[in-house]
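Engineer: Pasting in a structure now, in structure tokens, and then I'll have a few things to ask.
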Amino acid sequence: MKYQFKVTQTQNSTLSAVDFDNLPFGKTFSDHMFVADYIGGQWTNLEIRPVAPLPTHPGNMAWHYGQEIFEGMKATRDAEGTPLLYRPERHAKRMNYSARRMCMPEIPEDLFLQAIHTLVHMERAWIPPQAGSALYIRPFMYATDETIGVKASDTYRFIIFVMPVGPYYSQPVKLWAQDTYVRAVVGGVGDAKTAGNYAASLLPAAMARKQGFDQVMWLDGVHKKYIQEIGTMNIFFVIGDEIVTPNLDGAILDGITRECVITLLKDWGLKVSERPITIDEIVQAHKEGRLVESFGTGTAAVIAPVARIGYKDYIMDLDQNIDKISTKVYNTINGIRNRTITDKFGWIVPAQP
Ligand code: COI
């Protein structure tokens, strides 16, 4: 089905003021956004309009009970300037997975995709050409009922806005394995992309920073020993000749970059395991000299090499001066994204007007 969008063009583009060589992550926004409302059981008021603050009533349920979900996607361009989306249909499906878990309405996949295509095509001049930079796409949905009382909202707003971004991490990251606070338990909302998961990570992340680390490595909520994910990414370890990432147990975000990395590694004939892995196994592998490498994966971060892992009083420094698997993965994903490497898995979709 083809949807009709009302389109209002900005009269005050800020594009010419952007320094594409110097783009801190998440601070520069493009001119237009897509907005839709869920009222009376259907998506309506489908519109692309200039980015601007949206007035919100203090009784808005999203403020009070946290019914919010989001996605993070990226668009790049090839040498001819064609705007390219990366696995948009996979993001549409994950958005709806989060919607179901948070008791929110699904967004028809064709509406989600048409909105992304149209907006990104319209904002294609905002896609940075620099290698490693991209147009970050943030679709999100939140409750809009003005009611105090814990129940699912009847009305919602769905917005997509986009921003040119440079790298999320500019250096290999230092991770602190957290054994006091937990992020998620099986049966909770850890595998939904919902704001509260990130809010809950802020205090432990601030504590990690005080100790010289960049982020938290989450351990499971029951045994406090099984590694789950990082506050901003999924995690991989190279132990001897095995590449291990925690299996999706319902408490871990089903990362789309994670899935791409597993596909690439298997395609290269490497041994990849999705299995439970404890922090004790990592410590032991490090002591025995078998912990070769570790890296995080995520849409924002893409591939982030890990420089250090701390657990209790034990510090594991990882040699960055080796021929890293993470470098090959990073270069391959970036090459597929700018079409200098063949997209044999069909991950790239040109954005259509
Ligand atoms: C992403 O990787 O797209 C996320 O949503 C994570 C956040 C740290 C930006």
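Ligands are numbered from 1 in the order shown, residues from 1 within each chain, and chains are lettered A, B, ... in the order they appear in the structure tokens.
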How would you report the residues lying within 7 Å of ligand 1, as a list in words, if you count only C-alpha atoms and all ligand atoms?

Structural biologist: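 Taking only C-alpha atoms and all ligand atoms into account, the residues around ligand 1 at most 7 Å away are Glu71, Gly72, Met73, Thr232, Met233, Gly298, Thr299, Ala300 and Ala301 of chain A.
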
Engineer: Pull the strand (DSSP E or B) assignments for range 63-192 of chain A out of DSSP run on the backbone, and list those residues as a ChimeraX atom specification.

Structural biologist: /A:68-70,73-77,83-86,134-143,146,156-165,173-178

Engineer: I'd like to know which of A:Lys266, A:Arg138, A:Lys312, A:Arg290 is closest to Val329 in chain A, using only C-alpha atoms.

Structural biologist: A:Lys266

Engineer: Just checking: using only C-alpha atoms, which residue out of A:Leu111, A:Ile322, A:Leu84, A:Ala304 ends up closest to Ala36 in chain A?

Structural biologist: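 Distance minimum relative to Ala36 in chain A lands on A:Leu111.
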
Engineer: Using only C-alpha atoms, can you tell me which of A:Asn331, A:Ser294, A:Ser98, A:Gln67 comes closest to Ala152 in chain A?

Structural biologist: A:Gln67

Engineer: Could you name the residues that touch Phe237 in chain A at 7 Å or less, counting only C-alpha atoms, but leaving out those on the same chain fewer than 2 positions away, as a list in words?

Structural biologist: Ile235, Ile239, Ile243, Val244, Thr245, Glu293, Ser294 and Phe295 of chain A

Engineer: Please produce a file of the residues just selected, as an mmCIF file, in the first residue's frame, where the atoms kept are C-alpha atoms.

Structural biologist:
```cif
data_model
loop_
_atom_site.group_PDB
_atom_site.id
_atom_site.type_symbol
_atom_site.label_atom_id
_atom_site.label_comp_id
_atom_site.auth_asym_id
_atom_site.auth_seq_id
_atom_site.Cartn_x
_atom_site.Cartn_y
_atom_site.Cartn_z
ATOM 1 C CA ILE A 235 29.831 -7.898 22.705
ATOM 2 C CA ILE A 239 39.238 -16.792 22.644
ATOM 3 C CA ILE A 243 34.726 -16.114 18.423
ATOM 4 C CA VAL A 244 32.073 -16.031 21.127
ATOM 5 C CA THR A 245 29.084 -13.779 21.682
ATOM 6 C CA GLU A 293 40.531 -9.710 21.193
ATOM 7 C CA SER A 294 37.140 -8.292 22.123
ATOM 8 C CA PHE A 295 34.841 -5.871 20.307
#
```

Engineer: What is the distance, in Å and to one decimal place, between CA of Lys210 in chain A and CA of Thr297 in chain A?

Structural biologist: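 It comes out at 23.7 Å.
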
Engineer: Between A:Cys260, A:Ala184, A:Leu265, A:Met316, which is the closest to Gln284 in chain A once you count only C-alpha atoms?

Structural biologist: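 Ranked by minimum distance to Gln284 in chain A, first place goes to A:Met316.
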
Engineer: So, counting only C-alpha atoms, which residue among A:Asp191, A:Gln228, A:Val302, A:Val173 is closest to Arg209 in chain A?

Structural biologist: A:Val173

Engineer: From the DSSP assignment of the backbone, select every residue of range 177-352 of chain A that is helix (DSSP H, G or I), and format the answer as a VMD selection string.

Structural biologist: chain A and resid 195 to 199 202 to 210 256 to 267 279 to 287 325 to 337
